[in-house]
Amino acid sequence: MPSPTQQIPPLTRRQLLARSTGVACAFAGAGALAACGTDTVRPGAPAASLAVGSGSVSQAVATSERALIARYTETIAAFVQLAPSLEPLLRQHEEHLAATGVEVPEPPVHTPPSDLHAATSALRQAELSAAIERRESCLLATEPELIRTLTFIAASEASHVAALRAVSHRS
């Protein structure tokens, strides 16, 4: 996994063409997304169906989302004044986890930094890493519905980076 400061290598023409059908349509609408909602899974399609055939991708995404949920929960517990700003982002990660249809164990407890700005910076860094991971997950997934869901999750996590920057500046 590249570090958040590394450049993401560009897609080859072949990769771009192979993924363009589902990914391009999803990214075209991603700019209009203010946040990920429960509509990330097609109505009537069971979330568990996303894990079929792309089990390892769904497992990795679920593990990452569970870790983000834990980080947000721990940061909110440490900085209660951030709850109104962070809880909507936490809820979106809970929706992302549910969309994978995969159950994963709780990660080990992680103590957030004791400084508020350092804590929001750590969350921003985690969101940036997650957005990069979701982009990579899109390239590994094979089912169009999973690819679509992953693009919405990636867009949501990228928007969280900006939202956390605003939270840091207000605090």
# chains A, B, ... in the order shown; residues from 1 in each chain; ligands from 1
$ residues_around --residues "Ala118 (chain A)" --least-positions-apart "6" --cutoff "10 Å" --atoms "only C-alpha atoms" --output "list in words"
Pro112, Arg124 and Ser168 of chain A
$ residues_around --residues "Glu74 (chain A)" --least-positions-apart "6" --cutoff "9 Å" --atoms "only C-alpha atoms" --output "MDAnalysis selection string"
chainID A and resid 109:112
$ select_by_dssp --residues "region 78-143 of chain A" --states "alpha helix (DSSP H)" --output "ChimeraX atom specification"
/A:78,83-100,116-140
$ write_last_selection --atoms "N, CA and C atoms" --output "short mmCIF file (atom, residue, chain, number, x, y, z; two decimals), in the first residue's frame"
data_model
loop_
_atom_site.label_atom_id
_atom_site.label_comp_id
_atom_site.auth_asym_id
_atom_site.auth_seq_id
_atom_site.Cartn_x
_atom_site.Cartn_y
_atom_site.Cartn_z
N ALA A 78 -12.51 10.76 23.29
CA ALA A 78 -11.45 11.60 23.84
C ALA A 78 -11.74 13.09 23.70
N ALA A 83 -17.86 15.66 18.71
CA ALA A 83 -18.93 14.71 18.38
C ALA A 83 -19.89 15.24 17.30
N PRO A 84 -20.38 16.47 17.39
CA PRO A 84 -21.32 16.92 16.35
C PRO A 84 -20.72 16.90 14.94
N SER A 85 -19.44 17.13 14.84
CA SER A 85 -18.77 17.12 13.52
C SER A 85 -18.36 15.72 13.08
N LEU A 86 -17.96 14.88 14.02
CA LEU A 86 -17.42 13.57 13.67
C LEU A 86 -18.48 12.47 13.56
N GLU A 87 -19.57 12.59 14.30
CA GLU A 87 -20.57 11.51 14.29
C GLU A 87 -21.18 11.27 12.91
N PRO A 88 -21.45 12.30 12.11
CA PRO A 88 -21.97 12.00 10.76
C PRO A 88 -20.97 11.21 9.90
N LEU A 89 -19.69 11.49 10.06
CA LEU A 89 -18.67 10.75 9.33
C LEU A 89 -18.59 9.31 9.85
N LEU A 90 -18.71 9.15 11.15
CA LEU A 90 -18.73 7.82 11.76
C LEU A 90 -19.89 7.00 11.21
N ARG A 91 -21.07 7.61 11.12
CA ARG A 91 -22.26 6.90 10.61
C ARG A 91 -22.05 6.46 9.16
N GLN A 92 -21.38 7.30 8.39
CA GLN A 92 -21.12 6.92 7.00
C GLN A 92 -20.21 5.70 6.93
N HIS A 93 -19.22 5.63 7.82
CA HIS A 93 -18.35 4.46 7.83
C HIS A 93 -19.11 3.21 8.27
N GLU A 94 -20.05 3.38 9.16
CA GLU A 94 -20.90 2.24 9.55
C GLU A 94 -21.72 1.76 8.35
N GLU A 95 -22.20 2.71 7.52
CA GLU A 95 -22.92 2.34 6.30
C GLU A 95 -22.00 1.66 5.30
N HIS A 96 -20.76 2.14 5.20
CA HIS A 96 -19.79 1.52 4.31
C HIS A 96 -19.55 0.07 4.73
N LEU A 97 -19.36 -0.14 6.02
CA LEU A 97 -19.14 -1.50 6.53
C LEU A 97 -20.33 -2.38 6.21
N ALA A 98 -21.53 -1.88 6.45
CA ALA A 98 -22.73 -2.66 6.15
C ALA A 98 -22.83 -3.00 4.66
N ALA A 99 -22.41 -2.09 3.81
CA ALA A 99 -22.47 -2.31 2.36
C ALA A 99 -21.56 -3.44 1.90
N THR A 100 -20.51 -3.73 2.67
CA THR A 100 -19.62 -4.84 2.28
C THR A 100 -20.27 -6.18 2.51
N LEU A 116 -6.00 17.93 20.23
CA LEU A 116 -7.15 17.94 19.35
C LEU A 116 -6.74 18.06 17.89
N HIS A 117 -5.85 18.97 17.57
CA HIS A 117 -5.43 19.14 16.18
C HIS A 117 -4.68 17.91 15.67
N ALA A 118 -3.88 17.31 16.51
CA ALA A 118 -3.17 16.09 16.12
C ALA A 118 -4.16 14.94 15.90
N ALA A 119 -5.22 14.90 16.72
CA ALA A 119 -6.23 13.86 16.58
C ALA A 119 -6.99 14.00 15.27
N THR A 120 -7.39 15.22 14.91
CA THR A 120 -8.10 15.42 13.64
C THR A 120 -7.16 15.19 12.46
N SER A 121 -5.90 15.54 12.63
CA SER A 121 -4.92 15.29 11.59
C SER A 121 -4.73 13.79 11.37
N ALA A 122 -4.72 13.03 12.45
CA ALA A 122 -4.59 11.57 12.35
C ALA A 122 -5.80 10.97 11.63
N LEU A 123 -6.99 11.49 11.93
CA LEU A 123 -8.18 11.02 11.23
C LEU A 123 -8.11 11.38 9.74
N ARG A 124 -7.65 12.58 9.44
CA ARG A 124 -7.51 13.00 8.04
C ARG A 124 -6.56 12.07 7.30
N GLN A 125 -5.45 11.76 7.93
CA GLN A 125 -4.47 10.86 7.32
C GLN A 125 -5.07 9.47 7.10
N ALA A 126 -5.84 8.99 8.07
CA ALA A 126 -6.48 7.68 7.94
C ALA A 126 -7.49 7.69 6.79
N GLU A 127 -8.24 8.78 6.65
CA GLU A 127 -9.21 8.90 5.56
C GLU A 127 -8.51 8.94 4.21
N LEU A 128 -7.42 9.66 4.12
CA LEU A 128 -6.67 9.73 2.87
C LEU A 128 -6.15 8.35 2.49
N SER A 129 -5.59 7.65 3.45
CA SER A 129 -5.12 6.28 3.20
C SER A 129 -6.26 5.38 2.75
N ALA A 130 -7.41 5.51 3.40
CA ALA A 130 -8.57 4.69 3.05
C ALA A 130 -9.07 5.01 1.64
N ALA A 131 -9.08 6.28 1.27
CA ALA A 131 -9.51 6.65 -0.08
C ALA A 131 -8.58 6.02 -1.13
N ILE A 132 -7.29 6.03 -0.86
CA ILE A 132 -6.32 5.41 -1.77
C ILE A 132 -6.54 3.90 -1.82
N GLU A 133 -6.77 3.29 -0.66
CA GLU A 133 -7.03 1.84 -0.61
C GLU A 133 -8.30 1.50 -1.40
N ARG A 134 -9.35 2.32 -1.28
CA ARG A 134 -10.58 2.04 -2.01
C ARG A 134 -10.37 2.13 -3.51
N ARG A 135 -9.53 3.07 -3.95
CA ARG A 135 -9.21 3.16 -5.37
C ARG A 135 -8.56 1.87 -5.84
N GLU A 136 -7.62 1.38 -5.05
CA GLU A 136 -6.96 0.12 -5.38
C GLU A 136 -7.95 -1.04 -5.34
N SER A 137 -8.88 -1.00 -4.39
CA SER A 137 -9.90 -2.05 -4.29
C SER A 137 -10.77 -2.08 -5.54
N CYS A 138 -11.07 -0.91 -6.09
CA CYS A 138 -11.87 -0.85 -7.32
C CYS A 138 -11.18 -1.59 -8.46
N LEU A 139 -9.87 -1.51 -8.50
CA LEU A 139 -9.12 -2.18 -9.56
C LEU A 139 -9.05 -3.68 -9.36
N LEU A 140 -9.21 -4.13 -8.12
CA LEU A 140 -9.14 -5.57 -7.82
C LEU A 140 -10.50 -6.26 -7.88
#
$ atom_distance --atom1 "CA of Arg66 (chain A)" --atom2 "CA of Ser159 (chain A)"
18.4 Å
